[in-house]
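Quick look at target_19.csv (CSV, C-alpha atoms and all ligand atoms):
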```csv
chain,number,residue,atom,x,y,z
A,1,MET,CA,174.8,-5.9,-14.4
A,2,ALA,CA,171.9,-7.2,-12.4
A,3,ALA,CA,170.1,-10.3,-13.5
A,4,ALA,CA,166.8,-9.7,-15.2
A,5,ALA,CA,163.6,-10.8,-13.4
A,6,PRO,CA,162.0,-13.9,-14.9
A,7,LEU,CA,160.2,-13.2,-18.1
A,8,SER,CA,156.5,-14.1,-18.4
A,9,TYR,CA,154.8,-14.4,-21.8
A,10,SER,CA,152.9,-11.1,-21.4
A,11,SER,CA,156.0,-9.3,-20.3
A,12,TYR,CA,157.9,-10.6,-23.3
A,13,ARG,CA,155.1,-9.7,-25.7
A,14,THR,CA,154.9,-6.2,-24.2
A,15,TYR,CA,158.6,-5.6,-24.6
A,16,LEU,CA,158.6,-6.9,-28.2
A,17,GLU,CA,155.8,-4.4,-29.1
A,18,CYS,CA,157.2,-1.4,-27.3
A,19,PRO,CA,160.1,-1.4,-24.8
A,20,LEU,CA,159.1,2.0,-23.5
A,21,ARG,CA,155.6,0.8,-22.7
A,22,TRP,CA,157.3,-2.2,-20.9
A,23,LYS,CA,159.2,0.2,-18.8
A,24,TYR,CA,156.1,2.2,-17.9
A,25,LEU,CA,154.4,-1.0,-16.8
A,26,TYR,CA,157.1,-3.1,-15.3
A,27,VAL,CA,159.6,-0.6,-13.9
A,28,GLU,CA,157.6,2.4,-13.1
A,29,LYS,CA,154.5,0.3,-12.3
A,30,ARG,CA,152.1,2.8,-13.8
A,31,PRO,CA,148.6,1.6,-13.8
A,32,GLU,CA,146.6,1.1,-17.0
A,33,THR,CA,143.0,2.0,-17.5
A,34,PRO,CA,140.9,-1.1,-16.9
A,35,ARG,CA,139.2,-2.5,-20.0
A,36,GLY,CA,136.0,-4.4,-19.9
A,37,TYR,CA,137.1,-7.4,-22.0
A,38,PHE,CA,140.2,-7.9,-19.8
A,39,THR,CA,138.1,-7.7,-16.6
A,40,PHE,CA,135.7,-10.2,-18.2
A,41,GLY,CA,138.4,-12.7,-19.1
A,42,ARG,CA,139.9,-12.4,-15.6
A,43,VAL,CA,136.6,-13.1,-13.8
A,44,VAL,CA,135.8,-16.0,-16.1
A,45,HIS,CA,139.3,-17.5,-15.5
A,46,SER,CA,138.8,-17.2,-11.7
A,47,VAL,CA,135.4,-18.9,-11.8
A,48,LEU,CA,136.8,-21.7,-13.9
A,49,GLU,CA,139.6,-22.1,-11.5
A,50,GLU,CA,137.2,-22.6,-8.6
A,51,LEU,CA,135.0,-24.9,-10.7
A,52,VAL,CA,137.8,-27.2,-11.7
A,53,ARG,CA,140.0,-27.2,-8.6
A,54,PRO,CA,138.0,-29.8,-6.7
A,55,LEU,CA,138.7,-32.3,-9.6
A,56,VAL,CA,142.5,-31.9,-9.3
A,57,VAL,CA,144.5,-35.0,-8.6
A,58,PRO,CA,148.2,-33.9,-8.3
A,59,VAL,CA,151.0,-35.8,-9.9
A,60,ALA,CA,154.8,-36.2,-9.5
A,61,ARG,CA,156.9,-33.1,-9.8
A,62,ARG,CA,160.5,-32.5,-10.6
A,63,LYS,CA,162.7,-31.2,-7.8
A,64,ASP,CA,164.0,-27.7,-8.2
A,65,GLY,CA,166.8,-27.5,-10.7
A,66,GLY,CA,167.8,-31.1,-10.5
A,67,GLU,CA,167.1,-34.3,-12.5
A,68,SER,CA,165.9,-36.2,-9.4
A,69,GLN,CA,162.2,-36.3,-9.0
A,70,THR,CA,159.7,-36.4,-6.2
A,71,THR,CA,156.3,-38.0,-5.8
A,72,LEU,CA,153.6,-36.7,-3.6
A,73,ARG,CA,153.1,-38.6,-0.4
A,74,ASP,CA,149.3,-38.3,-0.5
A,75,TRP,CA,148.8,-39.7,-3.9
A,76,SER,CA,150.0,-42.9,-5.3
A,77,GLU,CA,151.5,-42.8,-8.8
A,78,PRO,CA,148.7,-43.8,-11.3
A,79,THR,CA,149.7,-46.3,-13.9
A,80,PRO,CA,149.5,-44.9,-17.5
A,81,GLY,CA,146.0,-45.2,-18.8
A,82,ALA,CA,144.4,-45.9,-15.4
A,83,ALA,CA,141.8,-43.4,-14.1
A,84,ALA,CA,143.0,-41.6,-11.0
A,85,GLY,CA,139.8,-42.4,-9.0
A,86,PRO,CA,136.2,-41.5,-9.6
A,87,PRO,CA,135.9,-37.8,-10.7
A,88,LYS,CA,134.1,-35.5,-8.3
A,89,ALA,CA,131.1,-33.7,-9.7
A,90,PRO,CA,131.4,-30.0,-10.4
A,91,VAL,CA,129.6,-27.6,-8.1
A,92,PRO,CA,125.8,-27.2,-8.8
A,93,ALA,CA,124.8,-24.6,-11.3
A,94,GLU,CA,123.3,-22.2,-8.6
A,95,GLU,CA,126.5,-22.3,-6.7
A,96,LEU,CA,128.5,-21.6,-9.8
A,97,LEU,CA,126.3,-18.5,-10.7
A,98,ALA,CA,126.6,-17.3,-7.1
A,99,LEU,CA,130.4,-17.5,-7.3
A,100,TYR,CA,130.3,-15.7,-10.6
A,101,ASP,CA,128.2,-12.9,-9.1
A,102,ARG,CA,130.6,-12.7,-6.1
A,103,LEU,CA,133.7,-12.4,-8.3
A,104,TRP,CA,132.1,-10.1,-10.9
A,105,SER,CA,133.8,-6.7,-11.4
A,106,SER,CA,132.4,-3.7,-13.2
A,107,ASP,CA,135.9,-2.3,-14.0
A,108,GLY,CA,136.5,-0.9,-17.5
A,109,TYR,CA,133.2,-1.4,-19.2
A,110,SER,CA,132.3,1.5,-21.5
A,111,SER,CA,128.6,1.5,-20.5
A,112,PRO,CA,126.1,-0.5,-18.3
A,113,ASP,CA,124.8,-2.0,-21.5
A,114,GLU,CA,128.2,-3.4,-22.4
A,115,GLU,CA,128.7,-4.7,-18.9
A,116,GLU,CA,125.4,-6.5,-19.0
A,117,ARG,CA,126.1,-8.1,-22.4
A,118,TYR,CA,129.4,-9.4,-21.1
A,119,ARG,CA,127.9,-10.6,-17.9
A,120,ALA,CA,125.2,-12.5,-19.7
A,121,LEU,CA,127.8,-14.1,-22.0
A,122,GLY,CA,129.8,-15.2,-19.0
A,123,ARG,CA,126.8,-16.8,-17.4
A,124,GLU,CA,125.9,-18.7,-20.5
A,125,LEU,CA,129.5,-19.7,-21.2
A,126,LEU,CA,130.1,-21.0,-17.6
A,127,LEU,CA,126.8,-23.0,-17.4
A,128,ARG,CA,127.6,-24.7,-20.7
A,129,TYR,CA,131.2,-25.3,-19.6
A,130,ARG,CA,129.9,-26.9,-16.3
A,131,GLU,CA,127.6,-29.2,-18.3
A,132,TRP,CA,130.5,-30.2,-20.5
A,133,LEU,CA,132.6,-31.0,-17.4
A,134,GLU,CA,129.9,-33.4,-16.3
A,135,LEU,CA,129.7,-35.1,-19.7
A,136,GLU,CA,133.4,-35.3,-20.3
A,137,PRO,CA,135.2,-34.9,-17.0
A,138,PRO,CA,138.8,-33.9,-17.5
A,139,ALA,CA,141.7,-35.3,-15.3
A,140,PRO,CA,143.3,-32.0,-14.1
A,141,VAL,CA,146.5,-32.3,-12.2
A,142,ALA,CA,146.8,-28.5,-11.6
A,143,VAL,CA,144.8,-25.3,-12.3
A,144,GLU,CA,146.1,-21.7,-12.4
A,145,GLU,CA,149.5,-23.1,-11.6
A,146,HIS,CA,152.4,-20.7,-11.2
A,147,LEU,CA,155.5,-22.3,-12.7
A,148,SER,CA,159.0,-21.0,-13.1
A,149,ALA,CA,162.0,-22.5,-14.8
A,150,THR,CA,165.5,-21.7,-16.0
A,151,TRP,CA,165.3,-22.5,-19.7
A,152,ASP,CA,168.9,-22.9,-21.0
A,153,GLY,CA,170.0,-20.0,-18.8
A,154,LEU,CA,166.9,-17.9,-19.3
A,155,ALA,CA,164.6,-17.3,-16.3
A,156,VAL,CA,160.9,-17.7,-17.3
A,157,HIS,CA,157.7,-18.0,-15.4
A,158,GLY,CA,153.9,-18.1,-16.0
A,159,TYR,CA,150.5,-19.1,-14.8
A,160,VAL,CA,149.1,-22.1,-16.6
A,161,ASP,CA,145.3,-22.2,-16.7
A,162,ARG,CA,145.0,-26.0,-16.5
A,163,ILE,CA,147.2,-29.1,-16.8
A,164,ASP,CA,145.4,-32.4,-17.5
A,165,ARG,CA,146.6,-35.9,-17.4
A,166,THR,CA,146.1,-37.6,-20.9
A,167,PRO,CA,144.8,-41.2,-21.2
A,168,GLY,CA,148.4,-42.2,-22.1
A,169,GLY,CA,149.7,-40.9,-18.8
A,170,GLY,CA,151.2,-37.8,-20.3
A,171,LEU,CA,150.2,-34.2,-19.8
A,172,GLU,CA,148.0,-31.7,-21.7
A,173,VAL,CA,148.6,-28.0,-21.3
A,174,VAL,CA,145.3,-26.1,-21.5
A,175,ASP,CA,145.0,-22.4,-22.0
A,176,TYR,CA,141.5,-20.9,-21.8
A,177,LYS,CA,140.5,-18.3,-24.4
A,178,THR,CA,137.5,-16.0,-24.1
A,179,SER,CA,138.2,-14.3,-27.5
A,180,ARG,CA,135.6,-14.3,-30.3
A,181,GLU,CA,137.6,-16.2,-33.0
A,182,LEU,CA,140.2,-18.9,-32.7
A,183,SER,CA,141.6,-21.4,-35.2
A,184,GLU,CA,143.8,-24.5,-35.1
A,185,GLY,CA,146.5,-22.3,-36.7
A,186,ASP,CA,146.4,-20.1,-33.6
A,187,ALA,CA,147.2,-23.1,-31.4
A,188,ALA,CA,149.9,-24.3,-33.8
A,189,ALA,CA,151.6,-20.9,-33.8
A,190,SER,CA,151.0,-19.9,-30.2
A,191,ASP,CA,154.3,-18.9,-28.5
A,192,GLN,CA,152.3,-18.8,-25.2
A,193,LEU,CA,151.6,-22.5,-25.5
A,194,SER,CA,155.3,-23.1,-26.4
A,195,LEU,CA,156.4,-21.3,-23.2
A,196,TYR,CA,153.9,-23.2,-21.1
A,197,GLN,CA,155.2,-26.5,-22.5
A,198,VAL,CA,158.7,-25.5,-21.4
A,199,LEU,CA,157.4,-24.6,-17.9
A,200,VAL,CA,155.5,-27.8,-17.5
A,201,GLU,CA,158.4,-29.9,-18.8
A,202,HIS,CA,160.7,-28.3,-16.3
A,203,ASN,CA,158.3,-28.8,-13.4
A,204,PHE,CA,156.5,-32.1,-14.0
A,205,ARG,CA,157.8,-35.6,-14.4
A,206,ALA,CA,155.3,-36.9,-17.0
A,207,PRO,CA,155.9,-35.8,-20.6
A,208,VAL,CA,153.8,-33.1,-22.3
A,209,GLU,CA,151.7,-34.8,-25.0
A,210,ARG,CA,149.3,-32.1,-26.1
A,211,LEU,CA,149.0,-28.3,-26.2
A,212,THR,CA,145.5,-26.9,-26.3
A,213,LEU,CA,143.8,-23.6,-26.6
A,214,LEU,CA,140.3,-24.1,-25.2
A,215,HIS,CA,137.9,-21.7,-27.0
A,216,LEU,CA,135.3,-21.1,-24.3
A,217,ARG,CA,132.6,-19.5,-26.5
A,218,SER,CA,132.3,-22.7,-28.6
A,219,LEU,CA,133.8,-25.2,-26.1
A,220,THR,CA,136.2,-26.3,-28.8
A,221,PRO,CA,139.6,-27.6,-27.7
A,222,LEU,CA,142.1,-26.7,-30.4
A,223,ARG,CA,144.9,-29.2,-29.9
A,224,THR,CA,148.4,-29.4,-31.3
A,225,PRO,CA,151.3,-31.7,-30.6
A,226,PRO,CA,154.1,-30.5,-28.3
A,227,ARG,CA,156.9,-28.6,-30.0
A,228,GLY,CA,160.3,-30.2,-30.7
A,229,SER,CA,163.5,-28.5,-29.5
A,230,ARG,CA,164.2,-27.0,-33.0
A,231,THR,CA,160.7,-25.4,-33.0
A,232,LEU,CA,161.3,-24.0,-29.5
A,233,GLU,CA,164.8,-22.6,-30.4
A,234,PRO,CA,163.7,-19.4,-32.1
A,235,LEU,CA,161.4,-18.5,-29.2
A,236,HIS,CA,164.3,-19.0,-26.8
A,237,GLN,CA,166.4,-16.8,-28.9
A,238,ARG,CA,163.8,-14.0,-29.1
A,239,MET,CA,163.1,-14.2,-25.4
A,240,GLY,CA,166.9,-14.1,-24.7
A,241,GLU,CA,167.1,-10.9,-26.8
A,242,VAL,CA,164.3,-9.4,-24.8
A,243,ALA,CA,165.9,-10.3,-21.5
A,244,ASP,CA,169.2,-8.7,-22.8
A,245,GLY,CA,167.3,-5.6,-23.8
A,246,ILE,CA,165.7,-5.3,-20.3
A,247,ARG,CA,169.1,-5.9,-18.6
A,248,GLU,CA,170.7,-3.2,-20.7
A,249,GLN,CA,167.8,-0.9,-20.1
A,250,ALA,CA,167.0,-0.4,-23.8
A,251,PHE,CA,163.6,1.2,-23.5
A,252,GLU,CA,163.2,3.1,-26.8
A,253,PRO,CA,159.6,3.9,-27.8
A,254,THR,CA,158.5,1.8,-30.8
A,255,PRO,CA,155.4,3.5,-32.3
A,256,GLY,CA,152.9,1.6,-34.3
A,257,ARG,CA,149.2,0.7,-34.5
A,258,HIS,CA,149.4,-0.5,-30.9
A,259,CYS,CA,149.8,3.1,-29.8
A,260,SER,CA,146.1,3.6,-30.3
A,261,ARG,CA,145.4,1.4,-27.2
A,262,CYS,CA,148.4,2.6,-25.2
A,263,ASP,CA,147.5,4.4,-22.0
A,264,PHE,CA,150.9,6.3,-21.9
A,265,ARG,CA,150.6,8.5,-25.0
A,266,SER,CA,150.4,11.6,-22.9
A,267,ILE,CA,153.8,11.0,-21.4
A,268,CYS,CA,155.4,9.2,-24.4
A,269,PRO,CA,158.1,11.3,-26.2
A,270,GLU,CA,156.7,10.1,-29.6
A,271,PHE,CA,153.4,12.0,-28.9
A,272,ARG,CA,154.6,14.8,-26.6
A,273,PRO,CA,153.3,18.1,-28.0
A,274,MET,CA,155.7,20.9,-29.0
A,275,PRO,CA,156.0,23.7,-26.4
A,276,ALA,CA,154.4,26.7,-28.1
A,277,LEU,CA,157.4,29.0,-27.6
A,278,GLU,CA,159.9,26.6,-29.1
A,279,GLY,CA,157.8,25.7,-32.1
A,280,PRO,CA,159.0,28.2,-34.7
A,281,ARG,CA,162.7,27.8,-33.8
A,282,LEU,CA,162.6,24.0,-34.0
A,283,ALA,CA,160.4,24.1,-37.2
A,284,SER,CA,163.0,26.2,-39.0
A,285,LEU,CA,165.7,23.7,-37.9
A,286,VAL,CA,163.7,20.9,-39.3
A,287,ASP,CA,163.2,22.8,-42.6
A,288,ARG,CA,166.9,23.5,-42.8
A,289,PHE,CA,167.8,19.9,-42.1
A,290,ASP,CA,165.3,18.8,-44.8
A,291,ALA,CA,166.8,21.1,-47.4
A,292,LEU,CA,170.3,20.0,-46.6
A,293,ARG,CA,169.3,16.4,-47.0
A,294,ALA,CA,167.9,17.2,-50.4
A,295,ASP,CA,171.1,18.9,-51.3
A,296,GLU,CA,173.1,15.9,-50.1
A,297,ARG,CA,171.1,13.6,-52.3
A,298,ARG,CA,171.5,15.9,-55.3
A,299,LEU,CA,175.3,16.2,-54.8
A,300,GLU,CA,175.7,12.5,-54.4
A,301,ARG,CA,174.0,12.0,-57.8
A,302,GLU,CA,176.1,14.7,-59.5
A,303,LEU,CA,179.3,13.3,-57.9
A,304,ALA,CA,178.6,9.8,-59.3
A,305,MET,CA,177.8,11.2,-62.8
A,306,THR,CA,180.9,13.4,-62.9
A,307,ALA,CA,183.2,10.6,-61.7
A,308,ALA,CA,181.7,8.3,-64.4
A,309,GLU,CA,182.3,10.9,-67.2
A,310,LEU,CA,185.8,11.6,-66.0
A,311,HIS,CA,186.5,7.9,-65.9
A,312,ARG,CA,185.3,7.3,-69.4
A,313,ALA,CA,187.3,10.3,-70.8
A,314,ALA,CA,190.5,9.2,-69.0
A,315,GLU,CA,190.1,5.6,-70.2
A,316,GLU,CA,189.8,6.8,-73.8
A,317,LEU,CA,193.0,8.9,-73.5
A,318,GLY,CA,194.9,6.4,-71.3
A,319,LEU,CA,195.3,9.0,-68.5
A,320,HIS,CA,195.7,8.3,-64.7
A,321,ARG,CA,196.2,11.8,-63.6
A,322,VAL,CA,194.0,14.7,-64.7
A,323,PRO,CA,194.8,18.2,-63.5
A,324,GLY,CA,192.1,20.7,-62.7
A,325,SER,CA,192.5,24.3,-61.7
A,326,ARG,CA,192.8,23.6,-58.0
A,327,ALA,CA,193.4,19.9,-57.7
A,328,VAL,CA,194.6,16.8,-59.6
A,329,ALA,CA,192.2,13.9,-60.0
A,330,VAL,CA,194.2,10.6,-59.6
A,331,ARG,CA,192.9,7.3,-60.7
A,332,ARG,CA,193.4,4.5,-58.0
A,333,ARG,CA,193.0,0.8,-58.3
A,334,GLU,CA,191.8,-1.5,-55.5
A,335,VAL,CA,192.2,-5.3,-56.0
A,336,SER,CA,190.5,-7.8,-53.8
A,337,TRP,CA,190.0,-11.5,-53.9
A,338,GLN,CA,186.6,-13.2,-53.5
A,339,TYR,CA,186.1,-16.7,-52.2
A,340,PRO,CA,182.7,-18.4,-52.6
A,341,LEU,CA,182.2,-19.9,-49.1
A,342,GLU,CA,180.1,-22.8,-50.6
A,343,ALA,CA,183.2,-23.9,-52.6
A,344,VAL,CA,185.6,-23.5,-49.6
A,345,ARG,CA,183.5,-25.5,-47.2
A,346,PRO,CA,183.7,-29.0,-49.0
A,347,ILE,CA,187.5,-28.6,-49.4
A,348,LEU,CA,187.9,-28.1,-45.6
A,349,GLU,CA,185.5,-30.9,-44.8
A,350,ALA,CA,187.4,-33.3,-47.1
A,351,ALA,CA,190.8,-32.3,-45.7
A,352,GLU,CA,192.7,-34.9,-43.7
A,353,GLY,CA,193.4,-34.5,-40.0
A,354,ALA,CA,191.3,-32.6,-37.5
A,355,PRO,CA,188.2,-31.2,-39.1
A,356,ARG,CA,188.4,-27.4,-39.3
A,357,PRO,CA,185.3,-25.1,-39.2
A,358,ALA,CA,184.8,-23.3,-42.5
A,359,PRO,CA,185.2,-19.5,-42.3
A,360,GLU,CA,182.0,-17.5,-42.5
A,361,THR,CA,183.4,-14.4,-44.2
A,362,ALA,CA,185.8,-13.7,-47.1
A,363,GLU,CA,188.2,-12.2,-44.5
A,364,GLY,CA,188.1,-15.5,-42.6
A,365,VAL,CA,189.2,-17.3,-45.8
A,366,ARG,CA,192.0,-14.8,-46.3
A,367,ARG,CA,193.2,-15.5,-42.8
A,368,LEU,CA,193.0,-19.2,-43.4
A,369,LEU,CA,195.2,-18.8,-46.5
A,370,ARG,CA,197.9,-17.1,-44.4
A,371,ASP,CA,197.6,-19.7,-41.6
A,372,PRO,CA,200.8,-21.9,-41.7
A,373,THR,CA,199.0,-24.6,-39.6
A,374,VAL,CA,196.7,-25.3,-42.6
A,375,PRO,CA,198.4,-27.8,-44.9
A,376,ALA,CA,199.8,-26.1,-48.0
A,377,PRO,CA,197.8,-28.4,-50.5
A,378,VAL,CA,194.5,-27.4,-48.7
A,379,ARG,CA,195.4,-23.7,-48.9
A,380,ARG,CA,196.3,-24.1,-52.6
A,381,LYS,CA,192.9,-25.7,-53.3
A,382,VAL,CA,191.1,-23.0,-51.4
A,383,ALA,CA,193.1,-20.3,-53.2
A,384,GLU,CA,192.1,-21.8,-56.5
A,385,THR,CA,188.4,-21.1,-55.8
A,386,GLY,CA,189.2,-17.3,-55.6
A,387,SER,CA,188.5,-14.7,-58.2
A,388,ARG,CA,190.2,-11.4,-58.5
A,389,ARG,CA,188.1,-8.2,-58.5
A,390,VAL,CA,189.4,-4.8,-59.6
A,391,ARG,CA,187.7,-1.6,-58.7
A,392,TRP,CA,188.8,1.8,-60.0
A,393,TYR,CA,188.1,5.0,-58.2
A,394,TRP,CA,189.2,8.7,-58.3
A,395,GLU,CA,190.8,10.7,-55.6
A,396,LEU,CA,191.8,14.4,-55.5
A,397,GLU,CA,195.3,15.5,-54.7
A,398,GLU,CA,196.3,19.0,-54.0
A,399,SER,CA,197.7,20.7,-57.1
A,400,ASP,CA,201.1,22.3,-56.8
A,401,GLY,CA,200.2,24.6,-59.7
A,402,SER,CA,202.9,23.3,-62.1
A,403,PRO,CA,201.7,22.2,-65.5
A,404,ARG,CA,202.4,18.5,-66.3
B,1,LIG,S1,152.4,5.5,-27.2
B,1,LIG,FE1,153.3,3.9,-28.6
B,1,LIG,S2,155.5,4.4,-28.6
B,1,LIG,FE2,154.7,5.4,-26.8
B,1,LIG,S3,154.9,4.1,-25.1
B,1,LIG,FE3,152.9,3.7,-25.9
B,1,LIG,S4,153.1,2.0,-27.4
B,1,LIG,FE4,155.2,2.9,-27.0
```
In structure tokens, what does this structure look like?
Amino acid sequence: MAAAAPLSYSSYRTYLECPLRWKYLYVEKRPETPRGYFTFGRVVHSVLEELVRPLVVPVARRKDGGESQTTLRDWSEPTPGAAAGPPKAPVPAEELLALYDRLWSSDGYSSPDEEERYRALGRELLLRYREWLELEPPAPVAVEEHLSATWDGLAVHGYVDRIDRTPGGGLEVVDYKTSRELSEGDAAASDQLSLYQVLVEHNFRAPVERLTLLHLRSLTPLRTPPRGSRTLEPLHQRMGEVADGIREQAFEPTPGRHCSRCDFRSICPEFRPMPALEGPRLASLVDRFDALRADERRLERELAMTAAELHRAAEELGLHRVPGSRAVAVRRREVSWQYPLEAVRPILEAAEGAPRPAPETAEGVRRLLRDPTVPAPVRRKVAETGSRRVRWYWELEESDGSPR
């Protein structure tokens, strides 16, 4: 099976929400209707990139795939804590606004009014950001950086808005957000920041010290410490499952509230209208199916009640075989042994010799009890933890018609 293309954060999120929408976007490359707030975010990101790029002082990178590292010839390695040279001033405000006007796009706004509101917000936000840069110049080492990595066998990639050097010589991953509301909890829970941390760690030599969502409307950096490997593990697991699903071409539609903003409703089987001529035939099949399901549930209830009554009566009379007019009901017994895994585990851990992994199922314990390589005293102790469970049930046998 072909290897899946590297997974980005947005591709991963799209697949998680609806695999079919992922297919429409990433396999069939169907365009989506532009939306004003996305256009706005993209333009603001582009202007910020141009604004901050002159301040960038690159740092040492890791070489592809290996542990060896490389330093840049043009830049000496700054010692931790030392400034990397006098920061350059950001472009003048007029230049910034001219750049904003040049990059502006009218795509996706619902009305000229909405476009003008966004445009004014962007102007205000960028001017305030520029002032902030002058007062508190960051030490960026990269902006809008495309990074890729193989994360424990999983191919991932992404564009990181900004990577700064921290006063301690480490790195800060910065992601710009133009959204209205943002909290510290968002930064702490952001899978996007987690993935960017992984990408930066695989590509840069210095350690990641901080992860930051920069709320542009309030110029508030929402900082959080980098994740440890245990915190990253579930994300790796989920992204691995998504990569497997894509490789196996599992593209089932997954309807939900997100369908209201999906551009593909008109072609999605979940929303495809019924052809007029087929409607009555399929509707009657659905009704029949529905009625049979109801019968099935009723019969299941009746079957359980009848079996219970038969069992009670047979118990009172001490009978195991009860003839009917067409069949004989026969009482059967099923015996099984249950072993509490939490009691088995310490016995195996305390056993002498090579430690043996504890079974994870009752069947595993039963196999262990039959295994001659397990010392007999250990098997005996494990067997003692077991409890016997007896289940009675009734089966029907064909009647040969002879009275018993
Ligand atoms: S309409 Fe809903 S179920 Fe269909 S592709 Fe779009 S998101 Fe998926």
Mind dumping a table of every chain A residue within 6 Å of ligand LIG 1 (chain B), with the nearest atom pair and its distance in Å to one decimal, using all atoms listed in the file, sorted by chain and rising number, as a tab-separated table?
```
residue	atom	partner	partner_atom	distance
A:Cys18	CA	B:LIG1	FE4	4.8
A:Leu20	CA	B:LIG1	S3	5.0
A:Arg21	CA	B:LIG1	S3	4.1
A:Pro253	CA	B:LIG1	S2	4.2
A:Thr254	CA	B:LIG1	S2	4.5
A:Pro255	CA	B:LIG1	S2	3.8
A:His258	CA	B:LIG1	S4	5.7
A:Cys259	CA	B:LIG1	FE1	3.8
A:Cys262	CA	B:LIG1	FE3	4.7
A:Phe264	CA	B:LIG1	FE3	5.2
A:Arg265	CA	B:LIG1	S1	4.1
A:Cys268	CA	B:LIG1	FE2	4.5
A:Glu270	CA	B:LIG1	FE2	5.8
```
Residue list as a list in words for point (192.7, -29.2, -47.3), cut-off 10 Å, only C-alpha atoms: Val344, Arg345, Pro346, Ile347, Leu348, Glu349, Ala350, Ala351, Glu352, Gly353, Pro355, Arg356, Val374, Pro375, Ala376, Pro377, Val378, Arg379, Arg380, Lys381 and Val382 of chain A
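In this structure, atom CA of Pro269 of chain A sits 9.7 Å away from atom CA of Glu252 of chain A.
As for atom CA of Ala243 of chain A and atom CA of Ser11 of chain A, they are spaced 10.0 Å apart.
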Distance criterion (all atoms listed in the file): nearest to Arg223 of chain A out of A:Ser10, A:Ser148, A:Ser183, A:Ser399: A:Ser183
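Minimum atom-to-atom distance to Leu199 of chain A, evaluated using only C-alpha atoms, belongs to A:Tyr9 out of A:Trp394, A:Tyr15, A:Tyr339, A:Tyr9.
In this structure, atom CA of Pro34 of chain A sits 26.8 Å away from atom CA of Val52 of chain A.
Counting only C-alpha atoms and comparing A:Asp295, A:Glu136, A:Asp101, A:Glu309, the residue that lies closest to Val44 of chain A is A:Asp101.
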Selection near Tyr196 of chain A, 7 Å with only C-alpha atoms, sequence-local residues under 4 positions removed, as a PyMOL selection string: chain A and resi 160+192+200
Pull the neighbourhood of (148.4, 2.3, -15.3) for me: all residues within 12 Å in file coordinates, counting only C-alpha atoms, as a PDB file with C-alpha atoms, keeping the file's coordinate frame.
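Below you can see out_34.pdb, which holds the result:
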```pdb
ATOM      1  CA  ARG A  21     155.600   0.800 -22.700  1.00  0.00           C
ATOM      2  CA  TRP A  22     157.300  -2.200 -20.900  1.00  0.00           C
ATOM      3  CA  LYS A  23     159.200   0.200 -18.800  1.00  0.00           C
ATOM      4  CA  TYR A  24     156.100   2.200 -17.900  1.00  0.00           C
ATOM      5  CA  LEU A  25     154.400  -1.000 -16.800  1.00  0.00           C
ATOM      6  CA  TYR A  26     157.100  -3.100 -15.300  1.00  0.00           C
ATOM      7  CA  VAL A  27     159.600  -0.600 -13.900  1.00  0.00           C
ATOM      8  CA  GLU A  28     157.600   2.400 -13.100  1.00  0.00           C
ATOM      9  CA  LYS A  29     154.500   0.300 -12.300  1.00  0.00           C
ATOM     10  CA  ARG A  30     152.100   2.800 -13.800  1.00  0.00           C
ATOM     11  CA  PRO A  31     148.600   1.600 -13.800  1.00  0.00           C
ATOM     12  CA  GLU A  32     146.600   1.100 -17.000  1.00  0.00           C
ATOM     13  CA  THR A  33     143.000   2.000 -17.500  1.00  0.00           C
ATOM     14  CA  PRO A  34     140.900  -1.100 -16.900  1.00  0.00           C
ATOM     15  CA  ARG A  35     139.200  -2.500 -20.000  1.00  0.00           C
ATOM     16  CA  CYS A 262     148.400   2.600 -25.200  1.00  0.00           C
ATOM     17  CA  ASP A 263     147.500   4.400 -22.000  1.00  0.00           C
ATOM     18  CA  PHE A 264     150.900   6.300 -21.900  1.00  0.00           C
ATOM     19  CA  ARG A 265     150.600   8.500 -25.000  1.00  0.00           C
ATOM     20  CA  ILE A 267     153.800  11.000 -21.400  1.00  0.00           C
TER      21      ILE A 267
END
```
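Using all atoms listed in the file for every distance, the candidate list A:Met274, A:Leu292, A:Leu51, A:Leu285 yields A:Leu51 as the residue closest to Tyr129 of chain A.
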Selection near Arg130 of chain A, 10 Å with only C-alpha atoms, sequence-local residues under 3 positions removed, as a count of residues only: 17
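Among the candidate residues A:Arg128, A:His157, A:His202, A:Arg293, the one lying nearest to Thr220 of chain A is A:Arg128, with distances computed using only C-alpha atoms.
You can rank A:Ala250, A:Ala383, A:Ala283, A:Leu193 by their closest distance to Leu369 of chain A using all atoms listed in the file, and at the top of that list sits A:Ala383.
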Considering all atoms listed in the file, tabulate each residue of segment 147-187 of chain A that lies at most 10 Å from segment 236-241 of chain A along with its nearest interatomic pair and the corresponding distance in Å to one decimal; arrange the rows by chain and ascending residue number and present them as CSV.
```
residue,atom,partner,partner_atom,distance
A:Trp151,CA,A:His236,CA,8.0
A:Asp152,CA,A:His236,CA,8.4
A:Gly153,CA,A:Gly240,CA,8.9
A:Leu154,CA,A:Gly240,CA,6.6
A:Ala155,CA,A:Gly240,CA,9.3
A:Val156,CA,A:Met239,CA,9.1
```
